[in-house]
$ cat protein_11.cif   # mmCIF, C-alpha atoms
data_my_file
#
loop_
_atom_site.group_PDB
_atom_site.id
_atom_site.type_symbol
_atom_site.label_atom_id
_atom_site.label_comp_id
_atom_site.auth_asym_id
_atom_site.auth_seq_id
_atom_site.Cartn_x
_atom_site.Cartn_y
_atom_site.Cartn_z
ATOM 1 C CA MET X 166 4.806 34.873 30.743
ATOM 2 C CA LYS X 167 4.424 32.274 33.414
ATOM 3 C CA LYS X 168 6.073 28.906 33.031
ATOM 4 C CA THR X 169 2.698 27.092 32.692
ATOM 5 C CA HIS X 170 1.718 29.393 29.823
ATOM 6 C CA LEU X 171 5.006 28.706 28.058
ATOM 7 C CA THR X 172 4.527 24.952 28.534
ATOM 8 C CA LEU X 173 1.000 25.157 27.134
ATOM 9 C CA LEU X 174 2.194 27.255 24.206
ATOM 10 C CA ALA X 175 4.987 24.754 23.469
ATOM 11 C CA ALA X 176 2.483 21.877 23.561
ATOM 12 C CA LEU X 177 0.207 23.694 21.108
ATOM 13 C CA PHE X 178 3.104 24.299 18.714
ATOM 14 C CA ALA X 179 4.111 20.626 18.963
ATOM 15 C CA LEU X 180 0.544 19.548 18.171
ATOM 16 C CA ALA X 181 0.389 21.903 15.182
ATOM 17 C CA ALA X 182 3.726 20.559 13.908
ATOM 18 C CA PHE X 183 2.526 16.961 14.254
ATOM 19 C CA ARG X 184 -0.686 17.723 12.364
ATOM 20 C CA SER X 185 1.288 19.324 9.540
ATOM 21 C CA LEU X 186 3.227 16.074 9.126
ATOM 22 C CA ALA X 187 0.027 14.066 8.667
ATOM 23 C CA ALA X 188 -1.525 14.320 5.227
ATOM 24 C CA ALA X 189 -5.018 15.669 4.869
ATOM 25 C CA PRO X 190 -7.546 12.869 4.988
ATOM 26 C CA SER X 191 -8.406 11.503 1.582
ATOM 27 C CA GLU X 192 -11.155 9.167 0.456
ATOM 28 C CA PRO X 193 -9.955 5.743 -0.723
ATOM 29 C CA LEU X 194 -11.352 4.404 -3.986
ATOM 30 C CA LYS X 195 -14.681 2.637 -3.672
ATOM 31 C CA VAL X 196 -15.847 -0.631 -5.206
ATOM 32 C CA GLY X 197 -16.915 0.134 -8.782
ATOM 33 C CA ASP X 198 -14.510 3.068 -9.199
ATOM 34 C CA ALA X 199 -12.156 3.024 -12.159
ATOM 35 C CA ALA X 200 -8.702 1.793 -11.255
ATOM 36 C CA PRO X 201 -6.217 4.654 -11.508
ATOM 37 C CA ASN X 202 -3.641 4.825 -14.266
ATOM 38 C CA ALA X 203 -0.866 5.857 -11.886
ATOM 39 C CA ALA X 204 2.844 5.275 -12.331
ATOM 40 C CA SER X 205 5.831 4.791 -10.070
ATOM 41 C CA VAL X 206 9.091 2.848 -10.064
ATOM 42 C CA ASP X 207 9.697 -0.678 -8.851
ATOM 43 C CA GLN X 208 12.343 -1.998 -6.478
ATOM 44 C CA ASP X 209 14.895 -1.805 -9.311
ATOM 45 C CA GLY X 210 14.031 1.787 -10.210
ATOM 46 C CA LYS X 211 12.254 0.723 -13.416
ATOM 47 C CA PRO X 212 9.060 2.607 -14.340
ATOM 48 C CA VAL X 213 5.773 0.771 -13.811
ATOM 49 C CA GLN X 214 2.448 1.920 -15.249
ATOM 50 C CA LEU X 215 -0.328 0.292 -13.226
ATOM 51 C CA SER X 216 -2.706 0.183 -16.184
ATOM 52 C CA ASP X 217 -0.280 -2.267 -17.818
ATOM 53 C CA LEU X 218 -0.983 -4.691 -14.954
ATOM 54 C CA TYR X 219 -4.786 -4.497 -15.110
ATOM 55 C CA GLY X 220 -5.072 -6.701 -18.207
ATOM 56 C CA GLY X 221 -6.199 -10.247 -17.579
ATOM 57 C CA GLY X 222 -7.593 -11.491 -14.298
ATOM 58 C CA TRP X 223 -7.211 -9.817 -10.952
ATOM 59 C CA THR X 224 -4.650 -7.288 -9.783
ATOM 60 C CA LEU X 225 -4.064 -6.870 -6.067
ATOM 61 C CA VAL X 226 -2.601 -3.473 -5.249
ATOM 62 C CA TYR X 227 -1.811 -3.440 -1.555
ATOM 63 C CA PHE X 228 -0.354 -0.579 0.456
ATOM 64 C CA TYR X 229 1.817 -0.873 3.532
ATOM 65 C CA PRO X 230 3.575 1.681 5.738
ATOM 66 C CA LYS X 231 7.251 0.618 5.716
ATOM 67 C CA ALA X 232 9.340 -2.187 4.256
ATOM 68 C CA ASP X 233 10.950 -4.637 6.678
ATOM 69 C CA THR X 234 8.815 -3.745 9.691
ATOM 70 C CA PRO X 235 6.939 -6.480 11.581
ATOM 71 C CA GLY X 236 3.390 -5.985 10.233
ATOM 72 C CA CYS X 237 4.514 -5.205 6.697
ATOM 73 C CA THR X 238 6.785 -8.243 6.674
ATOM 74 C CA ALA X 239 3.968 -10.509 7.931
ATOM 75 C CA GLU X 240 1.674 -9.214 5.184
ATOM 76 C CA ALA X 241 4.259 -9.608 2.410
ATOM 77 C CA CYS X 242 5.182 -13.100 3.621
ATOM 78 C CA SER X 243 1.498 -14.082 3.736
ATOM 79 C CA LEU X 244 1.235 -13.144 0.065
ATOM 80 C CA ARG X 245 4.602 -14.735 -0.733
ATOM 81 C CA ASP X 246 3.625 -18.038 0.889
ATOM 82 C CA ALA X 247 0.347 -18.155 -1.064
ATOM 83 C CA PHE X 248 1.812 -16.758 -4.274
ATOM 84 C CA ALA X 249 1.385 -20.015 -6.246
ATOM 85 C CA ASP X 250 -2.290 -20.227 -5.226
ATOM 86 C CA LEU X 251 -2.859 -16.552 -6.017
ATOM 87 C CA THR X 252 -1.218 -16.971 -9.427
ATOM 88 C CA LYS X 253 -3.385 -20.029 -10.188
ATOM 89 C CA LYS X 254 -6.432 -17.842 -9.488
ATOM 90 C CA GLY X 255 -5.120 -15.208 -11.927
ATOM 91 C CA VAL X 256 -4.017 -12.663 -9.322
ATOM 92 C CA THR X 257 -1.124 -10.301 -10.055
ATOM 93 C CA VAL X 258 0.263 -8.896 -6.801
ATOM 94 C CA VAL X 259 1.819 -5.439 -6.403
ATOM 95 C CA GLY X 260 2.962 -4.023 -3.073
ATOM 96 C CA VAL X 261 3.242 -0.250 -2.611
ATOM 97 C CA SER X 262 4.914 1.879 0.035
ATOM 98 C CA ALA X 263 6.637 5.253 0.123
ATOM 99 C CA ASP X 264 10.028 3.583 0.548
ATOM 100 C CA LYS X 265 12.911 4.243 -1.829
ATOM 101 C CA PRO X 266 13.834 1.615 -4.468
ATOM 102 C CA ALA X 267 16.877 0.406 -2.509
ATOM 103 C CA GLU X 268 14.739 -0.235 0.593
ATOM 104 C CA GLN X 269 12.162 -2.124 -1.471
ATOM 105 C CA LYS X 270 14.874 -4.155 -3.197
ATOM 106 C CA ALA X 271 16.494 -5.127 0.120
ATOM 107 C CA PHE X 272 13.063 -6.089 1.532
ATOM 108 C CA LYS X 273 12.252 -8.159 -1.570
ATOM 109 C CA GLN X 274 15.595 -9.968 -1.448
ATOM 110 C CA LYS X 275 15.631 -10.565 2.314
ATOM 111 C CA TYR X 276 12.213 -12.229 2.315
ATOM 112 C CA GLN X 277 12.317 -13.675 -1.231
ATOM 113 C CA ILE X 278 9.195 -11.773 -2.253
ATOM 114 C CA PRO X 279 8.189 -12.981 -5.747
ATOM 115 C CA PHE X 280 6.110 -9.977 -6.811
ATOM 116 C CA THR X 281 6.715 -6.333 -7.712
ATOM 117 C CA LEU X 282 7.177 -3.753 -4.970
ATOM 118 C CA LEU X 283 6.591 -0.156 -5.983
ATOM 119 C CA ALA X 284 8.819 2.471 -4.425
ATOM 120 C CA ASP X 285 6.227 5.240 -4.404
ATOM 121 C CA SER X 286 8.349 7.849 -2.629
ATOM 122 C CA ASP X 287 6.624 10.676 -4.525
ATOM 123 C CA LYS X 288 3.268 9.152 -3.430
ATOM 124 C CA ASN X 289 1.641 9.275 -6.900
ATOM 125 C CA VAL X 290 0.087 5.815 -6.556
ATOM 126 C CA ILE X 291 -0.806 6.341 -2.900
ATOM 127 C CA ALA X 292 -2.663 9.544 -3.785
ATOM 128 C CA ALA X 293 -4.328 8.040 -6.875
ATOM 129 C CA PHE X 294 -5.902 5.313 -4.732
ATOM 130 C CA GLY X 295 -6.823 7.820 -2.017
ATOM 131 C CA VAL X 296 -4.827 5.945 0.608
ATOM 132 C CA PRO X 297 -4.341 8.125 3.681
ATOM 133 C CA THR X 298 -0.865 8.742 5.028
ATOM 134 C CA THR X 299 0.376 9.594 8.482
ATOM 135 C CA MET X 300 3.782 11.207 8.818
ATOM 136 C CA GLY X 301 4.522 10.105 5.230
ATOM 137 C CA PHE X 302 3.589 6.437 5.751
ATOM 138 C CA ALA X 303 0.739 4.882 3.738
ATOM 139 C CA SER X 304 -2.100 3.227 5.625
ATOM 140 C CA ARG X 305 -2.412 -0.541 5.278
ATOM 141 C CA GLN X 306 -5.087 -0.964 2.586
ATOM 142 C CA SER X 307 -5.747 -3.398 -0.261
ATOM 143 C CA PHE X 308 -7.604 -3.105 -3.549
ATOM 144 C CA LEU X 309 -8.518 -5.883 -5.976
ATOM 145 C CA ILE X 310 -8.845 -4.667 -9.539
ATOM 146 C CA GLN X 311 -10.731 -6.602 -12.206
ATOM 147 C CA GLY X 312 -11.709 -5.327 -15.635
ATOM 148 C CA GLY X 313 -10.152 -1.929 -14.882
ATOM 149 C CA LYS X 314 -12.410 -1.337 -11.850
ATOM 150 C CA VAL X 315 -12.095 -1.765 -8.103
ATOM 151 C CA ALA X 316 -13.865 -5.061 -7.391
ATOM 152 C CA TRP X 317 -13.036 -5.251 -3.668
ATOM 153 C CA ARG X 318 -11.244 -3.197 -1.076
ATOM 154 C CA ASP X 319 -10.031 -3.697 2.467
ATOM 155 C CA LEU X 320 -9.382 -0.448 4.301
ATOM 156 C CA HIS X 321 -7.896 -2.230 7.328
ATOM 157 C CA ALA X 322 -5.947 -4.959 5.588
ATOM 158 C CA SER X 323 -4.809 -7.908 7.627
ATOM 159 C CA THR X 324 -1.178 -8.781 7.986
ATOM 160 C CA LYS X 325 -0.921 -12.541 8.477
ATOM 161 C CA GLN X 326 -4.308 -13.259 6.836
ATOM 162 C CA GLN X 327 -3.959 -11.041 3.760
ATOM 163 C CA ALA X 328 -3.520 -13.908 1.292
ATOM 164 C CA ALA X 329 -6.408 -15.907 2.789
ATOM 165 C CA ASP X 330 -8.662 -12.830 2.521
ATOM 166 C CA ILE X 331 -7.764 -12.356 -1.144
ATOM 167 C CA LEU X 332 -8.173 -16.033 -2.025
ATOM 168 C CA LYS X 333 -11.603 -16.043 -0.387
ATOM 169 C CA VAL X 334 -12.727 -13.090 -2.521
ATOM 170 C CA VAL X 335 -11.426 -14.411 -5.847
ATOM 171 C CA SER X 336 -12.735 -17.930 -5.152
ATOM 172 C CA ALA X 337 -16.234 -16.559 -4.544
ATOM 173 C CA GLN X 338 -16.362 -15.010 -8.036
#

$ encode --input "protein_11.cif" --output "structure tokens"
Amino acid sequence: MKKTHLTLLAALFALAAFRSLAAAPSEPLKVGDAAPNAASVDQDGKPVQLSDLYGGGWTLVYFYPKADTPGCTAEACSLRDAFADLTKKGVTVVGVSADKPAEQKAFKQKYQIPFTLLADSDKNVIAAFGVPTTMGFASRQSFLIQGGKVAWRDLHASTKQQAADILKVVSAQ
């Protein structure tokens, strides 16, 4: 084989390998869909059943690619800084990524995050919400749950404005 054919063949194999690392596209939950009764563990390795969090007011379940990276930190700190206002509006906040519990715990401690972070390394919660992944990382998406149903979703969630977006939605209700 000529060198150009080998180079082309190598490029095709690399592309196929990359595609195998990306999860098949899934459809995120829509407004009005029932909130999933998925389970994972928190930053301390303790089991968390999401349905236990859907009780009273609002539950924000937000997904982010990787703990302690710039965009994910900006998003978490946005929610942290507005946590008192969110709580006054009856919002329970839960962050979800495919990180391990130790990574979530370190992230929570480093930035003094006052809410639960799920270490969804087996991707049960990610899959239940239909959040797409690329190379094992969840897409940045947010879902507001009220009365056991998806009341709002943001499939391209903001980083620095996440809390403002959520407060705007819950204040309009």

$ atom_distance --input "protein_11.cif" --atom1 "atom CA of X:Ala293" --atom2 "atom CA of X:Ala203"
6.5 Å

$ closest_residue --input "protein_11.cif" --among "X:Thr257, X:Gln269, X:Ser307, X:Ser205" --to "X:Thr324" --atoms "only C-alpha atoms"
X:Ser307

$ closest_residue --input "protein_11.cif" --among "X:Ala263, X:Ile310, X:Ala271, X:Val196" --to "X:Val290" --atoms "only C-alpha atoms"
X:Ala263

$ closest_residue --input "protein_11.cif" --among "X:Val206, X:Val315, X:Ala322, X:Ala337" --to "X:Pro266" --atoms "only C-alpha atoms"
X:Val206

$ closest_residue --input "protein_11.cif" --among "X:Trp317, X:Phe248, X:Trp223, X:Phe228" --to "X:Asp264" --atoms "all atoms listed in the file"
X:Phe228

$ residues_near_point --input "protein_11.cif" --point "(-14.6, -14.0, -8.1)" --cutoff "12 Å" --atoms "only C-alpha atoms" --output "list in words"
Gly222, Trp223, Lys254, Gly255, Val256, Leu309, Ile310, Gln311, Gly312, Ala316, Trp317, Ile331, Leu332, Lys333, Val334, Val335, Ser336, Ala337 and Gln338 of chain X

$ resolve_selection --input "protein_11.cif" --expression "the PyMOL selection byres ((chain X and resi 327) around 10)" --output "number ranges by chain"
X: 227, 239-244, 247, 307, 319, 322-326, 328-332

$ axis_aligned_box --input "protein_11.cif" --around "stretch 231-240 of chain X" --padding-each-side "8 Å" --output "JSON"
{"center_x": 6.3, "center_y": -4.9, "center_z": 7.9, "size_x": 25.3, "size_y": 27.1, "size_z": 23.3}

$ resolve_selection --input "protein_11.cif" --expression "the PyMOL selection byres ((chain X and resi 200) around 6)" --output "ChimeraX atom specification"
/X:199,201,313-315

$ build_atoms --input "protein_11.cif" --residues "stretch 218-237 of chain X" --atoms "N, CA and C atoms" --output "PDB file, in the coordinates of the input"
ATOM      1  N   LEU X 218      -0.802  -3.494 -15.774  1.00  0.00           N
ATOM      2  CA  LEU X 218      -0.983  -4.691 -14.954  1.00  0.00           C
ATOM      3  C   LEU X 218      -2.450  -5.098 -14.814  1.00  0.00           C
ATOM      4  N   TYR X 219      -3.356  -4.253 -15.288  1.00  0.00           N
ATOM      5  CA  TYR X 219      -4.786  -4.497 -15.110  1.00  0.00           C
ATOM      6  C   TYR X 219      -5.381  -5.403 -16.188  1.00  0.00           C
ATOM      7  N   GLY X 220      -4.582  -5.950 -17.059  1.00  0.00           N
ATOM      8  CA  GLY X 220      -5.072  -6.701 -18.207  1.00  0.00           C
ATOM      9  C   GLY X 220      -5.987  -7.858 -17.931  1.00  0.00           C
ATOM     10  N   GLY X 221      -5.429  -9.014 -17.655  1.00  0.00           N
ATOM     11  CA  GLY X 221      -6.199 -10.247 -17.579  1.00  0.00           C
ATOM     12  C   GLY X 221      -7.119 -10.375 -16.396  1.00  0.00           C
ATOM     13  N   GLY X 222      -6.721 -11.166 -15.427  1.00  0.00           N
ATOM     14  CA  GLY X 222      -7.593 -11.491 -14.298  1.00  0.00           C
ATOM     15  C   GLY X 222      -7.665 -10.393 -13.249  1.00  0.00           C
ATOM     16  N   TRP X 223      -7.169 -10.711 -12.106  1.00  0.00           N
ATOM     17  CA  TRP X 223      -7.211  -9.817 -10.952  1.00  0.00           C
ATOM     18  C   TRP X 223      -5.858  -9.158 -10.751  1.00  0.00           C
ATOM     19  N   THR X 224      -5.882  -7.945 -10.222  1.00  0.00           N
ATOM     20  CA  THR X 224      -4.650  -7.288  -9.783  1.00  0.00           C
ATOM     21  C   THR X 224      -4.868  -6.832  -8.355  1.00  0.00           C
ATOM     22  N   LEU X 225      -4.037  -7.320  -7.451  1.00  0.00           N
ATOM     23  CA  LEU X 225      -4.064  -6.870  -6.067  1.00  0.00           C
ATOM     24  C   LEU X 225      -3.032  -5.759  -5.927  1.00  0.00           C
ATOM     25  N   VAL X 226      -3.498  -4.579  -5.564  1.00  0.00           N
ATOM     26  CA  VAL X 226      -2.601  -3.473  -5.249  1.00  0.00           C
ATOM     27  C   VAL X 226      -2.762  -3.254  -3.750  1.00  0.00           C
ATOM     28  N   TYR X 227      -1.707  -3.587  -3.012  1.00  0.00           N
ATOM     29  CA  TYR X 227      -1.811  -3.440  -1.555  1.00  0.00           C
ATOM     30  C   TYR X 227      -0.767  -2.436  -1.069  1.00  0.00           C
ATOM     31  N   PHE X 228      -1.178  -1.664  -0.084  1.00  0.00           N
ATOM     32  CA  PHE X 228      -0.354  -0.579   0.456  1.00  0.00           C
ATOM     33  C   PHE X 228       0.060  -0.932   1.869  1.00  0.00           C
ATOM     34  N   TYR X 229       1.304  -0.608   2.193  1.00  0.00           N
ATOM     35  CA  TYR X 229       1.817  -0.873   3.532  1.00  0.00           C
ATOM     36  C   TYR X 229       2.715   0.284   3.954  1.00  0.00           C
ATOM     37  N   PRO X 230       2.837   0.510   5.263  1.00  0.00           N
ATOM     38  CA  PRO X 230       3.575   1.681   5.738  1.00  0.00           C
ATOM     39  C   PRO X 230       5.076   1.680   5.455  1.00  0.00           C
ATOM     40  N   LYS X 231       5.786   0.578   5.783  1.00  0.00           N
ATOM     41  CA  LYS X 231       7.251   0.618   5.716  1.00  0.00           C
ATOM     42  C   LYS X 231       7.820  -0.779   5.523  1.00  0.00           C
ATOM     43  N   ALA X 232       8.677  -0.910   4.531  1.00  0.00           N
ATOM     44  CA  ALA X 232       9.340  -2.187   4.256  1.00  0.00           C
ATOM     45  C   ALA X 232      10.142  -2.655   5.469  1.00  0.00           C
ATOM     46  N   ASP X 233      10.140  -3.968   5.665  1.00  0.00           N
ATOM     47  CA  ASP X 233      10.950  -4.637   6.678  1.00  0.00           C
ATOM     48  C   ASP X 233      10.595  -4.231   8.113  1.00  0.00           C
ATOM     49  N   THR X 234       9.319  -3.937   8.335  1.00  0.00           N
ATOM     50  CA  THR X 234       8.815  -3.745   9.691  1.00  0.00           C
ATOM     51  C   THR X 234       7.912  -4.939   9.995  1.00  0.00           C
ATOM     52  N   PRO X 235       7.634  -5.225  11.252  1.00  0.00           N
ATOM     53  CA  PRO X 235       6.939  -6.480  11.581  1.00  0.00           C
ATOM     54  C   PRO X 235       5.612  -6.716  10.848  1.00  0.00           C
ATOM     55  N   GLY X 236       4.684  -5.786  10.886  1.00  0.00           N
ATOM     56  CA  GLY X 236       3.390  -5.985  10.233  1.00  0.00           C
ATOM     57  C   GLY X 236       3.508  -6.070   8.727  1.00  0.00           C
ATOM     58  N   CYS X 237       4.338  -5.228   8.158  1.00  0.00           N
ATOM     59  CA  CYS X 237       4.514  -5.205   6.697  1.00  0.00           C
ATOM     60  C   CYS X 237       5.199  -6.483   6.213  1.00  0.00           C
TER      61      CYS X 237
END
